[in-house]
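Novice: For reference, the file data00.pdb (PDB, N, CA and C atoms and all ligand atoms) is included below:
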ATOM      1  N   MET A   2     -11.672  -1.454 -10.415  1.00  0.00           N
ATOM      2  CA  MET A   2     -10.641  -2.210  -9.678  1.00  0.00           C
ATOM      3  C   MET A   2      -9.528  -1.262  -9.208  1.00  0.00           C
ATOM      4  N   LYS A   3      -9.015  -1.548  -8.049  1.00  0.00           N
ATOM      5  CA  LYS A   3      -7.966  -0.678  -7.491  1.00  0.00           C
ATOM      6  C   LYS A   3      -6.606  -0.969  -8.111  1.00  0.00           C
ATOM      7  N   LYS A   4      -5.737   0.031  -8.028  1.00  0.00           N
ATOM      8  CA  LYS A   4      -4.354  -0.142  -8.471  1.00  0.00           C
ATOM      9  C   LYS A   4      -3.419  -0.048  -7.277  1.00  0.00           C
ATOM     10  N   CYS A   5      -2.336  -0.768  -7.370  1.00  0.00           N
ATOM     11  CA  CYS A   5      -1.296  -0.727  -6.343  1.00  0.00           C
ATOM     12  C   CYS A   5      -0.796   0.712  -6.176  1.00  0.00           C
ATOM     13  N   ASP A   6      -0.725   1.172  -4.944  1.00  0.00           N
ATOM     14  CA  ASP A   6      -0.266   2.541  -4.698  1.00  0.00           C
ATOM     15  C   ASP A   6       1.238   2.699  -4.869  1.00  0.00           C
ATOM     16  N   LEU A   7       1.945   1.616  -5.098  1.00  0.00           N
ATOM     17  CA  LEU A   7       3.383   1.729  -5.338  1.00  0.00           C
ATOM     18  C   LEU A   7       3.716   1.566  -6.821  1.00  0.00           C
ATOM     19  N   CYS A   8       3.270   0.486  -7.432  1.00  0.00           N
ATOM     20  CA  CYS A   8       3.718   0.170  -8.799  1.00  0.00           C
ATOM     21  C   CYS A   8       2.629   0.275  -9.858  1.00  0.00           C
ATOM     22  N   ASP A   9       1.375   0.586  -9.468  1.00  0.00           N
ATOM     23  CA  ASP A   9       0.268   0.777 -10.406  1.00  0.00           C
ATOM     24  C   ASP A   9      -0.255  -0.491 -11.059  1.00  0.00           C
ATOM     25  N   LEU A  10       0.177  -1.648 -10.619  1.00  0.00           N
ATOM     26  CA  LEU A  10      -0.455  -2.876 -11.104  1.00  0.00           C
ATOM     27  C   LEU A  10      -1.860  -2.995 -10.507  1.00  0.00           C
ATOM     28  N   LEU A  11      -2.740  -3.675 -11.239  1.00  0.00           N
ATOM     29  CA  LEU A  11      -4.081  -3.901 -10.706  1.00  0.00           C
ATOM     30  C   LEU A  11      -4.018  -4.787  -9.470  1.00  0.00           C
ATOM     31  N   VAL A  12      -4.841  -4.444  -8.479  1.00  0.00           N
ATOM     32  CA  VAL A  12      -4.894  -5.215  -7.239  1.00  0.00           C
ATOM     33  C   VAL A  12      -6.151  -6.061  -7.262  1.00  0.00           C
ATOM     34  N   GLU A  13      -5.990  -7.365  -7.256  1.00  0.00           N
ATOM     35  CA  GLU A  13      -7.138  -8.249  -7.392  1.00  0.00           C
ATOM     36  C   GLU A  13      -7.731  -8.670  -6.058  1.00  0.00           C
ATOM     37  N   THR A  14      -6.968  -8.541  -4.996  1.00  0.00           N
ATOM     38  CA  THR A  14      -7.511  -8.846  -3.678  1.00  0.00           C
ATOM     39  C   THR A  14      -7.256  -7.656  -2.768  1.00  0.00           C
ATOM     40  N   ASP A  15      -7.892  -7.659  -1.621  1.00  0.00           N
ATOM     41  CA  ASP A  15      -7.649  -6.593  -0.645  1.00  0.00           C
ATOM     42  C   ASP A  15      -6.719  -7.070   0.456  1.00  0.00           C
ATOM     43  N   GLY A  16      -5.874  -7.996   0.139  1.00  0.00           N
ATOM     44  CA  GLY A  16      -5.050  -8.610   1.167  1.00  0.00           C
ATOM     45  C   GLY A  16      -3.927  -7.745   1.706  1.00  0.00           C
ATOM     46  N   PHE A  17      -3.528  -6.730   0.933  1.00  0.00           N
ATOM     47  CA  PHE A  17      -2.374  -5.919   1.340  1.00  0.00           C
ATOM     48  C   PHE A  17      -2.795  -4.463   1.460  1.00  0.00           C
ATOM     49  N   GLN A  18      -3.213  -4.083   2.649  1.00  0.00           N
ATOM     50  CA  GLN A  18      -3.668  -2.718   2.891  1.00  0.00           C
ATOM     51  C   GLN A  18      -2.881  -2.102   4.022  1.00  0.00           C
ATOM     52  N   LEU A  19      -2.801  -0.780   3.986  1.00  0.00           N
ATOM     53  CA  LEU A  19      -2.066  -0.057   5.010  1.00  0.00           C
ATOM     54  C   LEU A  19      -2.807   1.250   5.295  1.00  0.00           C
ATOM     55  N   ALA A  20      -3.096   1.494   6.585  1.00  0.00           N
ATOM     56  CA  ALA A  20      -3.737   2.756   6.963  1.00  0.00           C
ATOM     57  C   ALA A  20      -2.669   3.824   7.142  1.00  0.00           C
ATOM     58  N   THR A  21      -2.802   4.927   6.414  1.00  0.00           N
ATOM     59  CA  THR A  21      -1.840   6.022   6.516  1.00  0.00           C
ATOM     60  C   THR A  21      -2.579   7.324   6.795  1.00  0.00           C
ATOM     61  N   THR A  22      -1.822   8.382   7.036  1.00  0.00           N
ATOM     62  CA  THR A  22      -2.434   9.691   7.242  1.00  0.00           C
ATOM     63  C   THR A  22      -3.097  10.200   5.968  1.00  0.00           C
ATOM     64  N   GLU A  23      -2.819   9.581   4.829  1.00  0.00           N
ATOM     65  CA  GLU A  23      -3.444   9.961   3.557  1.00  0.00           C
ATOM     66  C   GLU A  23      -4.554   9.005   3.165  1.00  0.00           C
ATOM     67  N   GLY A  24      -4.995   8.152   4.090  1.00  0.00           N
ATOM     68  CA  GLY A  24      -6.055   7.200   3.788  1.00  0.00           C
ATOM     69  C   GLY A  24      -5.501   5.799   3.664  1.00  0.00           C
ATOM     70  N   VAL A  25      -6.385   4.871   3.307  1.00  0.00           N
ATOM     71  CA  VAL A  25      -5.962   3.482   3.194  1.00  0.00           C
ATOM     72  C   VAL A  25      -5.301   3.264   1.842  1.00  0.00           C
ATOM     73  N   LYS A  26      -4.088   2.749   1.858  1.00  0.00           N
ATOM     74  CA  LYS A  26      -3.384   2.411   0.632  1.00  0.00           C
ATOM     75  C   LYS A  26      -3.521   0.919   0.376  1.00  0.00           C
ATOM     76  N   VAL A  27      -3.573   0.542  -0.903  1.00  0.00           N
ATOM     77  CA  VAL A  27      -3.650  -0.871  -1.251  1.00  0.00           C
ATOM     78  C   VAL A  27      -2.459  -1.244  -2.128  1.00  0.00           C
ATOM     79  N   PHE A  28      -2.008  -2.465  -1.992  1.00  0.00           N
ATOM     80  CA  PHE A  28      -0.812  -2.926  -2.704  1.00  0.00           C
ATOM     81  C   PHE A  28      -1.069  -4.277  -3.342  1.00  0.00           C
ATOM     82  N   CYS A  29      -0.324  -4.557  -4.413  1.00  0.00           N
ATOM     83  CA  CYS A  29      -0.524  -5.797  -5.163  1.00  0.00           C
ATOM     84  C   CYS A  29       0.150  -6.974  -4.475  1.00  0.00           C
ATOM     85  N   CYS A  30       1.117  -6.706  -3.615  1.00  0.00           N
ATOM     86  CA  CYS A  30       1.854  -7.795  -3.000  1.00  0.00           C
ATOM     87  C   CYS A  30       2.528  -7.292  -1.723  1.00  0.00           C
ATOM     88  N   GLU A  31       3.034  -8.226  -0.943  1.00  0.00           N
ATOM     89  CA  GLU A  31       3.676  -7.847   0.312  1.00  0.00           C
ATOM     90  C   GLU A  31       4.941  -7.037   0.075  1.00  0.00           C
ATOM     91  N   GLY A  32       5.637  -7.305  -1.033  1.00  0.00           N
ATOM     92  CA  GLY A  32       6.851  -6.555  -1.358  1.00  0.00           C
ATOM     93  C   GLY A  32       6.574  -5.070  -1.530  1.00  0.00           C
ATOM     94  N   CYS A  33       5.523  -4.734  -2.289  1.00  0.00           N
ATOM     95  CA  CYS A  33       5.176  -3.325  -2.483  1.00  0.00           C
ATOM     96  C   CYS A  33       4.772  -2.685  -1.162  1.00  0.00           C
ATOM     97  N   LEU A  34       4.042  -3.413  -0.347  1.00  0.00           N
ATOM     98  CA  LEU A  34       3.641  -2.887   0.955  1.00  0.00           C
ATOM     99  C   LEU A  34       4.862  -2.540   1.795  1.00  0.00           C
ATOM    100  N   SER A  35       5.839  -3.428   1.836  1.00  0.00           N
ATOM    101  CA  SER A  35       6.987  -3.172   2.707  1.00  0.00           C
ATOM    102  C   SER A  35       7.870  -2.065   2.152  1.00  0.00           C
ATOM    103  N   VAL A  36       7.963  -1.939   0.825  1.00  0.00           N
ATOM    104  CA  VAL A  36       8.720  -0.819   0.253  1.00  0.00           C
ATOM    105  C   VAL A  36       8.036   0.502   0.582  1.00  0.00           C
ATOM    106  N   TYR A  37       6.708   0.533   0.431  1.00  0.00           N
ATOM    107  CA  TYR A  37       5.975   1.749   0.768  1.00  0.00           C
ATOM    108  C   TYR A  37       6.176   2.114   2.232  1.00  0.00           C
ATOM    109  N   ARG A  38       6.150   1.089   3.068  1.00  0.00           N
ATOM    110  CA  ARG A  38       6.321   1.299   4.500  1.00  0.00           C
ATOM    111  C   ARG A  38       7.703   1.907   4.799  1.00  0.00           C
ATOM    112  N   LEU A  39       8.716   1.441   4.081  1.00  0.00           N
ATOM    113  CA  LEU A  39      10.065   1.982   4.265  1.00  0.00           C
ATOM    114  C   LEU A  39      10.152   3.444   3.819  1.00  0.00           C
ATOM    115  N   LEU A  40       9.507   3.748   2.677  1.00  0.00           N
ATOM    116  CA  LEU A  40       9.611   5.086   2.106  1.00  0.00           C
ATOM    117  C   LEU A  40       8.749   6.102   2.824  1.00  0.00           C
ATOM    118  N   ASN A  41       7.672   5.617   3.479  1.00  0.00           N
ATOM    119  CA  ASN A  41       6.674   6.525   4.048  1.00  0.00           C
ATOM    120  C   ASN A  41       6.383   6.235   5.511  1.00  0.00           C
ATOM    121  N   GLY A  42       7.397   5.840   6.236  1.00  0.00           N
ATOM    122  CA  GLY A  42       7.199   5.465   7.624  1.00  0.00           C
ATOM    123  C   GLY A  42       6.536   6.533   8.473  1.00  0.00           C
ATOM    124  N   ASP A  43       6.741   7.796   8.108  1.00  0.00           N
ATOM    125  CA  ASP A  43       6.164   8.888   8.894  1.00  0.00           C
ATOM    126  C   ASP A  43       4.674   9.055   8.675  1.00  0.00           C
ATOM    127  N   LYS A  44       4.120   8.413   7.650  1.00  0.00           N
ATOM    128  CA  LYS A  44       2.693   8.574   7.337  1.00  0.00           C
ATOM    129  C   LYS A  44       1.841   7.420   7.850  1.00  0.00           C
ATOM    130  N   ILE A  45       2.484   6.430   8.415  1.00  0.00           N
ATOM    131  CA  ILE A  45       1.755   5.222   8.777  1.00  0.00           C
ATOM    132  C   ILE A  45       1.198   5.339  10.184  1.00  0.00           C
ATOM    133  N   ASN A  46      -0.074   5.011  10.313  1.00  0.00           N
ATOM    134  CA  ASN A  46      -0.796   5.280  11.549  1.00  0.00           C
ATOM    135  C   ASN A  46      -0.483   4.320  12.680  1.00  0.00           C
ATOM    136  N   ASP A  47      -0.008   3.167  12.384  1.00  0.00           N
ATOM    137  CA  ASP A  47       0.206   2.220  13.469  1.00  0.00           C
ATOM    138  C   ASP A  47       1.592   2.440  14.045  1.00  0.00           C
TER     139      ASP A  47
HETATM  140 ZN    ZN B   1       2.680  -3.252  -6.481  1.00  0.00          ZN
END
Write the structure described by the file as structure tokens, please.

Specialist:
Amino acid sequence: MKKCDLCDLLVETDGFQLATTEGVKVFCCEGCLSVYRLLNGDKIND
């Protein structure tokens, strides 16, 4: 099972994914996704 790339909680669904220059990141919730997006805006492909 995957872990959230921000907080290390287990990710039970693939609902929160983000394509970055370092590959696809997965997150446990929308909050972690948006924090990651804020911290790593330069790595995001879209
Ligand atoms: Zn998380």

Novice: How would you write, as a list in words, the residues chosen by the PyMOL selection byres (((chain A and resi 29 and name CA) around 8) and not hetatm and name CA) on this structure?

Specialist: Lys4, Cys5, Leu10, Leu11, Val12, Glu13, Thr14, Phe17, Val27, Phe28, Cys30, Glu31, Cys33 and Leu34 of chain A

Novice: Work out how far apart atom C of Ala20 (chain A) and atom C of Met2 (chain A) are and give it in Å to one decimal.

Specialist: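 Value for the atom C of Ala20 (chain A)-atom C of Met2 (chain A) distance: 18.4 Å.
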
Novice: Give the strand (DSSP E) residues of chain A, as assigned by DSSP on the backbone, as a CSV table (one decimal) with N, CA and C atoms, in the coordinates of the input.

Specialist:
chain,number,residue,atom,x,y,z
A,18,GLN,N,-3.2,-4.1,2.6
A,18,GLN,CA,-3.7,-2.7,2.9
A,18,GLN,C,-2.9,-2.1,4.0
A,19,LEU,N,-2.8,-0.8,4.0
A,19,LEU,CA,-2.1,-0.1,5.0
A,19,LEU,C,-2.8,1.2,5.3
A,20,ALA,N,-3.1,1.5,6.6
A,20,ALA,CA,-3.7,2.8,7.0
A,20,ALA,C,-2.7,3.8,7.1
A,21,THR,N,-2.8,4.9,6.4
A,21,THR,CA,-1.8,6.0,6.5
A,21,THR,C,-2.6,7.3,6.8
A,24,GLY,N,-5.0,8.2,4.1
A,24,GLY,CA,-6.1,7.2,3.8
A,24,GLY,C,-5.5,5.8,3.7
A,25,VAL,N,-6.4,4.9,3.3
A,25,VAL,CA,-6.0,3.5,3.2
A,25,VAL,C,-5.3,3.3,1.8
A,26,LYS,N,-4.1,2.7,1.9
A,26,LYS,CA,-3.4,2.4,0.6
A,26,LYS,C,-3.5,0.9,0.4
A,27,VAL,N,-3.6,0.5,-0.9
A,27,VAL,CA,-3.6,-0.9,-1.3
A,27,VAL,C,-2.5,-1.2,-2.1

Novice: Run DSSP on the backbone and tell me which residues of chain A come out as helix (DSSP H, G or I); list them as a list in words.

Specialist: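 The residues of chain A classed as helix (DSSP H, G or I) are Glu31, Gly32, Cys33, Leu34, Ser35, Val36, Tyr37, Arg38, Leu39, Leu40, Gly42, Asp43 and Lys44 of chain A.
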
Novice: Check which residues satisfy the PyMOL selection byres (((chain A and resi 46 and name CA) around 12) and not hetatm and name CA) in the file shown, then give them as number ranges by chain.

Specialist: A: 19-26, 38, 41-45, 47

Novice: Which residue, A:Leu40, A:Asp9, A:Gly16, A:Lys3, has the smallest gap to ligand ZN 1 (chain B) when you use only N, CA and C atoms and all ligand atoms?

Specialist: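 The closest residue to ligand ZN 1 (chain B) is A:Asp9.
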
Novice: So how many Å separate atom N of Val36 (chain A) and atom N of Asp15 (chain A), to one decimal?

Specialist: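 It comes out at 17.0 Å.
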